[in-house]
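Shown next: input.txt, given as compact mmCIF, C-alpha atoms.
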```txt
# COMPACT_ATOMS: atom_id res chain seq x y z
CA MET A 154 0.00 0.00 0.00
CA GLU A 155 1.40 3.31 -1.10
CA CYS A 156 1.03 6.34 1.16
CA LYS A 157 0.91 9.65 -0.68
CA PRO A 158 1.61 12.85 1.24
CA THR A 159 -1.20 15.36 1.53
CA ALA A 160 -0.98 19.06 0.70
CA SER A 161 -1.23 19.98 4.39
CA GLN A 162 1.95 18.01 5.12
CA PHE A 163 3.82 20.32 2.75
CA GLN A 164 2.22 23.57 3.93
CA ALA A 165 2.90 23.30 7.65
CA PRO A 166 6.73 23.42 7.54
CA VAL A 167 6.71 26.24 4.97
CA ALA A 168 4.27 28.25 7.11
CA LEU A 169 6.50 27.80 10.15
CA GLU A 170 9.57 28.93 8.21
CA ILE A 171 7.76 32.02 6.90
CA ASP A 172 6.53 32.83 10.42
CA GLU A 173 10.09 32.64 11.72
CA LEU A 174 11.41 34.75 8.85
CA PHE A 175 8.69 37.33 9.43
CA ARG A 176 9.36 37.57 13.16
CA GLU A 177 13.08 37.93 12.58
CA TYR A 178 13.18 40.28 9.57
CA ALA A 179 9.88 42.19 9.36
CA ASP A 180 11.24 45.22 11.21
CA MET A 181 14.31 45.39 8.98
CA VAL A 182 12.23 45.04 5.80
CA TYR A 183 9.77 47.71 6.99
CA ARG A 184 12.54 50.17 7.95
CA LEU A 185 14.30 49.75 4.60
CA ALA A 186 11.01 50.13 2.72
CA LEU A 187 10.20 53.22 4.77
CA VAL A 188 13.58 54.74 3.97
CA ARG A 189 13.11 54.05 0.27
CA THR A 190 9.44 55.04 -0.12
CA ARG A 191 9.22 57.77 2.55
CA ASN A 192 5.65 56.71 3.28
CA GLY A 193 4.39 54.39 6.03
CA SER A 194 1.51 52.95 4.00
CA ASP A 195 3.76 52.20 1.06
CA ALA A 196 6.31 50.62 3.39
CA GLU A 197 3.58 48.32 4.76
CA ASP A 198 2.62 47.38 1.20
CA VAL A 199 6.24 46.57 0.41
CA LEU A 200 6.52 44.49 3.59
CA GLN A 201 3.49 42.43 2.58
CA ASP A 202 4.74 42.05 -0.99
CA VAL A 203 8.19 40.88 0.15
CA PHE A 204 6.81 38.13 2.35
CA PHE A 205 4.17 37.19 -0.23
CA ARG A 206 6.99 36.66 -2.72
CA CYS A 207 8.82 34.58 -0.14
CA VAL A 208 5.74 32.37 0.27
CA ARG A 209 5.19 32.13 -3.48
CA LYS A 210 8.80 31.43 -4.49
CA GLN A 211 9.89 29.45 -1.41
CA PRO A 212 13.60 30.17 -1.93
CA GLN A 213 16.14 27.77 -0.51
CA PHE A 214 18.56 29.68 1.69
CA THR A 215 22.08 28.47 2.41
CA ASP A 216 22.44 30.41 5.68
CA ARG A 217 21.09 33.36 7.69
CA GLU A 218 23.12 35.91 5.72
CA HIS A 219 21.67 34.54 2.49
CA GLN A 220 18.16 34.95 3.94
CA LYS A 221 18.83 38.53 4.99
CA ALA A 222 20.47 39.46 1.67
CA TRP A 223 17.58 37.93 -0.30
CA LEU A 224 15.01 39.85 1.75
CA ILE A 225 16.92 43.12 1.34
CA LYS A 226 17.24 42.63 -2.40
CA VAL A 227 13.52 41.86 -2.76
CA THR A 228 12.67 44.85 -0.54
CA ILE A 229 14.71 47.16 -2.76
CA ASN A 230 13.03 45.78 -5.88
CA CYS A 231 9.53 46.00 -4.42
CA SER A 232 10.24 49.55 -3.27
CA LYS A 233 11.29 50.46 -6.80
CA ASN A 234 7.95 49.15 -8.04
CA VAL A 235 6.04 51.27 -5.53
CA ILE A 236 8.12 54.38 -6.23
CA GLY A 237 7.72 53.90 -9.98
CA ASN A 238 3.96 53.49 -9.80
CA ALA A 239 2.42 56.22 -12.00
CA PHE A 240 -0.49 56.80 -9.60
CA ARG A 241 1.90 57.33 -6.69
CA ARG A 242 4.14 59.68 -8.69
CA HIS A 243 1.19 61.99 -9.27
CA THR A 244 -0.44 61.84 -5.83
CA VAL A 245 2.26 61.80 -3.12
CA SER A 246 3.36 65.19 -1.86
CA GLU A 247 6.58 66.19 -0.16
CA ASP A 248 4.56 66.61 3.05
CA ALA A 249 4.80 62.83 3.44
CA LEU A 250 8.18 63.43 5.10
CA VAL A 251 6.41 64.84 8.16
CA ASN A 252 4.35 61.65 8.51
CA VAL A 253 7.40 59.44 8.11
CA ALA A 254 9.29 61.33 10.79
CA ALA A 255 6.36 60.87 13.17
CA GLU A 256 6.15 57.13 12.41
CA ALA A 257 9.85 56.51 12.85
CA GLU A 258 10.92 55.82 16.40
CA GLU A 259 14.49 57.00 15.97
CA LYS A 260 16.49 58.45 18.87
CA ASP A 261 17.69 61.43 16.88
CA SER A 262 14.81 62.57 14.71
CA THR A 263 16.80 65.53 13.31
CA VAL A 264 19.35 63.23 11.69
CA TYR A 265 16.64 60.81 10.59
CA GLU A 266 14.65 63.61 8.95
CA ALA A 267 17.80 64.76 7.15
CA VAL A 268 18.42 61.20 5.90
CA MET A 269 14.82 60.98 4.69
CA LYS A 270 15.33 64.10 2.55
CA LEU A 271 18.18 62.50 0.61
CA PRO A 272 17.60 61.00 -2.86
CA ALA A 273 16.59 57.30 -2.78
CA LYS A 274 19.99 55.87 -3.76
CA TYR A 275 21.72 57.85 -1.00
CA ARG A 276 19.05 56.98 1.60
CA THR A 277 19.36 53.30 0.74
CA ALA A 278 23.17 53.30 0.95
CA ILE A 279 23.15 55.19 4.28
CA HIS A 280 20.49 52.90 5.75
CA LEU A 281 22.18 49.67 4.70
CA HIS A 282 25.62 50.85 5.81
CA TYR A 283 24.88 52.58 9.10
CA TYR A 284 21.59 51.07 10.28
CA GLU A 285 21.98 47.49 9.01
CA GLY A 286 25.79 47.31 9.20
CA TYR A 287 26.55 46.15 5.65
CA SER A 288 29.90 46.74 3.99
CA VAL A 289 30.31 48.64 0.73
CA ALA A 290 30.86 45.35 -1.15
CA GLU A 291 27.68 43.84 0.27
CA ILE A 292 25.63 46.94 -0.57
CA ALA A 293 27.02 46.91 -4.11
CA LYS A 294 25.92 43.32 -4.56
CA MET A 295 22.43 44.01 -3.17
CA THR A 296 21.84 47.10 -5.29
CA ASP A 297 23.49 45.80 -8.48
CA ALA A 298 25.97 48.69 -8.41
CA ASN A 299 29.75 48.90 -8.51
CA GLU A 300 31.59 49.25 -5.21
CA SER A 301 32.98 52.59 -6.35
CA THR A 302 29.43 53.77 -7.04
CA VAL A 303 28.32 52.81 -3.53
CA LYS A 304 31.35 54.60 -2.07
CA SER A 305 30.39 57.64 -4.10
CA TRP A 306 26.78 57.47 -2.85
CA LEU A 307 27.97 57.28 0.76
CA PHE A 308 30.45 60.14 0.26
CA ARG A 309 27.85 62.37 -1.38
CA ALA A 310 25.19 61.46 1.18
CA ARG A 311 27.54 62.35 4.04
CA GLY A 312 28.28 65.67 2.36
CA LEU A 313 24.59 66.45 1.93
CA LEU A 314 23.87 65.45 5.52
CA LYS A 315 26.75 67.61 6.77
CA GLU A 316 25.35 70.56 4.85
CA GLN A 317 21.76 69.96 6.04
CA LEU A 318 22.77 69.50 9.67
CA LYS A 319 25.21 72.40 9.81
CA GLY A 320 24.45 74.36 12.96
CA GLU A 321 22.07 71.69 14.33
CA PHE A 322 24.65 70.10 16.61
```
Spit out the file's structure as structure tokens when you get a sec.
Amino acid sequence: MECKPTASQFQAPVALEIDELFREYADMVYRLALVRTRNGSDAEDVLQDVFFRCVRKQPQFTDREHQKAWLIKVTINCSKNVIGNAFRRHTVSEDALVNVAAEAEEKDSTVYEAVMKLPAKYRTAIHLHYYEGYSVAEIAKMTDANESTVKSWLFRARGLLKEQLKGEF
């Protein structure tokens, strides 16, 4: 007598893995999406999309760093989709920065607000480097950019932040 596995036998382990991934990385994914989109609602949409893709694709990770890198890469791509949405381009105002600053529970809101005013590529590089602790090489791999480009983004972002924060501290 042959015993065939049922669909529920396959779904339970996957659901547990996704639950664990969500508990461990949801905050990181949300923060990165918030930095990229500058809007809490859009960041929540990106968060849902990232984990939906994880459920749909069921990637096989080699280790925890691979998991984290995959989630960051997918977050960046999903954020690009939200930012590029034609409806969003025509309806979101610059006043969204005020809402983002209120949503973010950062210790130094002045610096955070200044980071949020940077262009997306600079915000992403600053966030991944200083908030998530990634090296220039790792950021380059995640963003499909050259290492020298990432170094340039960080250099320019620091310069812009220095100029914006002049006299604040």
One number please: CA of Leu318 in chain A to CA of Ala186 in chain A, in Å, one decimal.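 Going from CA of Leu318 in chain A over to CA of Ala186 in chain A covers 23.7 Å.
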Tell me which protein, DNA and RNA residues are within 8 Å of range 194-211 of chain A, counting all atoms listed in the file, leaving out same-chain ones fewer than 3 positions away, and put them as a PDB file with C-alpha atoms, keeping the file's coordinate frame.
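Written out: result.pdb:
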```pdb
ATOM      1  CA  VAL A 167       6.710  26.240   4.970  1.00  0.00           C
ATOM      2  CA  ILE A 171       7.760  32.020   6.900  1.00  0.00           C
ATOM      3  CA  PHE A 175       8.690  37.330   9.430  1.00  0.00           C
ATOM      4  CA  ALA A 179       9.880  42.190   9.360  1.00  0.00           C
ATOM      5  CA  VAL A 182      12.230  45.040   5.800  1.00  0.00           C
ATOM      6  CA  TYR A 183       9.770  47.710   6.990  1.00  0.00           C
ATOM      7  CA  ARG A 184      12.540  50.170   7.950  1.00  0.00           C
ATOM      8  CA  ALA A 186      11.010  50.130   2.720  1.00  0.00           C
ATOM      9  CA  LEU A 187      10.200  53.220   4.770  1.00  0.00           C
ATOM     10  CA  THR A 190       9.440  55.040  -0.120  1.00  0.00           C
ATOM     11  CA  ARG A 191       9.220  57.770   2.550  1.00  0.00           C
ATOM     12  CA  LEU A 224      15.010  39.850   1.750  1.00  0.00           C
ATOM     13  CA  VAL A 227      13.520  41.860  -2.760  1.00  0.00           C
ATOM     14  CA  THR A 228      12.670  44.850  -0.540  1.00  0.00           C
ATOM     15  CA  CYS A 231       9.530  46.000  -4.420  1.00  0.00           C
ATOM     16  CA  SER A 232      10.240  49.550  -3.270  1.00  0.00           C
ATOM     17  CA  VAL A 235       6.040  51.270  -5.530  1.00  0.00           C
TER      18      VAL A 235
END
```
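Residues with any atom within 8 Å of range 312-314 of chain A, counting all atoms listed in the file and excluding same-chain neighbours fewer than 2 positions away, are A:Val264, A:Ala267, A:Val268, A:Leu271, A:Phe308, A:Arg309, A:Ala310, A:Glu316, A:Gln317, A:Leu318.
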One decimal, Å: what's the distance from CA of Glu177 in chain A over to CA of Met269 in chain A, could you say?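 Distance reported for this atom pair: 24.4 Å.
One finds CA of Lys294 in chain A at 18.2 Å from CA of Pro212 in chain A.
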